[in-house]
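Student: This structure is in structure tokens; I'll ask about it shortly.
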Amino acid sequence: MKKSEEKFGMVLLRNLAGVLAIVWMCVIFAFSAQEKEESGEVSASFTYHMVSSTRTFFHLDLSDERVKEIADAIEGFVRKVAHMVEYGTLAVLLYIWIGQWEMSFLRRAGTAVGATAVYAATDEIHQYFVPGRAGRFSDVCIDSAGALAGVVIFALLVRIVKHVRARRLKHEN
């Protein structure tokens, strides 16, 4: 593959990441626009199915009542992890998109995490106006932590892949 083709592919990938970041922001906005009852039902259903699937996968002898108890006990934790994952995903998409401009890793990562944190803050303001929902600073912190974790994990994975490729090329030559 020629260098110009490879560069074009990277530009295309990065711009696709920018478009996907906007789409992902719309998905986050749609979840945030759900009223408290609807949001709670989605969360409870997801957690119940997750615990039920775990029961089936590991062949655990748990009654439906016990599955519901476990799901109810961990629902809050699952919600916070889901927040971290959705904002980590957004930060990674922004990090990839921002990569088309020359800048240091720290500046690129800081910009992606910072932009994601700002979006998280505006999302919490939005939730303040949704019936039954509340905008919480603690959620902005959780979302921002997810953004930071997402970018750090993604950057580490990229480094590992580059290292493995370099070793493979070295052994092939």
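Note on naming: chains are A, B, ... as they come in the structure tokens, residues start from 1 per chain, ligands start from 1 in the order shown.
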Could you give me, as a PyMOL selection string, the residues within 6 Å of region 77-94 of chain A, counting only C-alpha atoms and dropping anything in the same chain fewer than 4 positions from it?
Tutor: chain A and resi 17+21+98+112-113+116+143+146-147+150-151
Student: Hey, which of A:Arg133, A:Arg14, A:Arg55, A:Lys3 ends up closest to Ser39 (chain A)? Count only C-alpha atoms.
Tutor: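 Nearest candidate to Ser39 (chain A) out of A:Arg133, A:Arg14, A:Arg55, A:Lys3: A:Arg133.
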Student: Would you work out the distance separating CA of Val11 (chain A) from CA of Arg167 (chain A), expressed in Å to one decimal?
Tutor: 25.9 Å
Student: Using only C-alpha atoms, what table do you get, as CSV, when you list each residue of region 93-131 of chain A with an atom no more than 10 Å from region 27-36 of chain A, its nearest pair of atoms, and their distance in Å rounded to one decimal, rows by chain then rising number?
Tutor:
```
residue,atom,partner,partner_atom,distance
A:Tyr119,CA,A:Ile28,CA,9.9
A:Ala120,CA,A:Ile28,CA,9.4
A:Thr122,CA,A:Phe29,CA,9.8
A:Asp123,CA,A:Phe29,CA,6.9
A:Glu124,CA,A:Ser32,CA,8.2
A:His126,CA,A:Ser32,CA,7.5
A:Gln127,CA,A:Ser32,CA,6.0
A:Tyr128,CA,A:Ser32,CA,9.7
A:Phe129,CA,A:Ala33,CA,8.9
A:Val130,CA,A:Glu35,CA,6.1
A:Pro131,CA,A:Glu35,CA,5.5
```
Student: Could those residues be written to a file, using N, CA and C atoms, as a short mmCIF file (atom, residue, chain, number, x, y, z; two decimals), in the first residue's frame?
Tutor:
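Written file, selection-v1.cif:
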```cif
data_model
loop_
_atom_site.label_atom_id
_atom_site.label_comp_id
_atom_site.auth_asym_id
_atom_site.auth_seq_id
_atom_site.Cartn_x
_atom_site.Cartn_y
_atom_site.Cartn_z
N TYR A 119 -19.19 18.24 27.40
CA TYR A 119 -20.45 17.65 26.94
C TYR A 119 -21.19 16.99 28.10
N ALA A 120 -20.47 16.33 28.99
CA ALA A 120 -21.09 15.70 30.17
C ALA A 120 -21.77 16.76 31.03
N THR A 122 -22.96 19.70 30.02
CA THR A 122 -24.16 20.19 29.34
C THR A 122 -25.27 19.14 29.38
N ASP A 123 -24.89 17.86 29.37
CA ASP A 123 -25.87 16.79 29.46
C ASP A 123 -26.54 16.79 30.83
N GLU A 124 -25.78 17.05 31.87
CA GLU A 124 -26.38 17.12 33.22
C GLU A 124 -27.29 18.34 33.34
N HIS A 126 -28.99 19.54 30.84
CA HIS A 126 -30.16 19.07 30.09
C HIS A 126 -31.06 18.21 30.99
N GLN A 127 -30.47 17.29 31.75
CA GLN A 127 -31.25 16.40 32.61
C GLN A 127 -32.00 17.17 33.70
N TYR A 128 -31.49 18.30 34.07
CA TYR A 128 -32.15 19.13 35.08
C TYR A 128 -33.56 19.51 34.63
N PHE A 129 -33.78 19.60 33.33
CA PHE A 129 -35.08 20.01 32.78
C PHE A 129 -35.96 18.82 32.38
N VAL A 130 -35.49 17.60 32.57
CA VAL A 130 -36.27 16.41 32.25
C VAL A 130 -37.02 15.98 33.51
N PRO A 131 -38.33 15.76 33.41
CA PRO A 131 -39.12 15.39 34.59
C PRO A 131 -38.56 14.16 35.32
#
```
Student: For Arg108 (chain A), please output as an MDAnalysis selection string all residues within 9 Å (counting only C-alpha atoms; exclusion window: fewer than 5 positions along the same chain).
Tutor: chainID A and resid 95 98:99 101:103 113
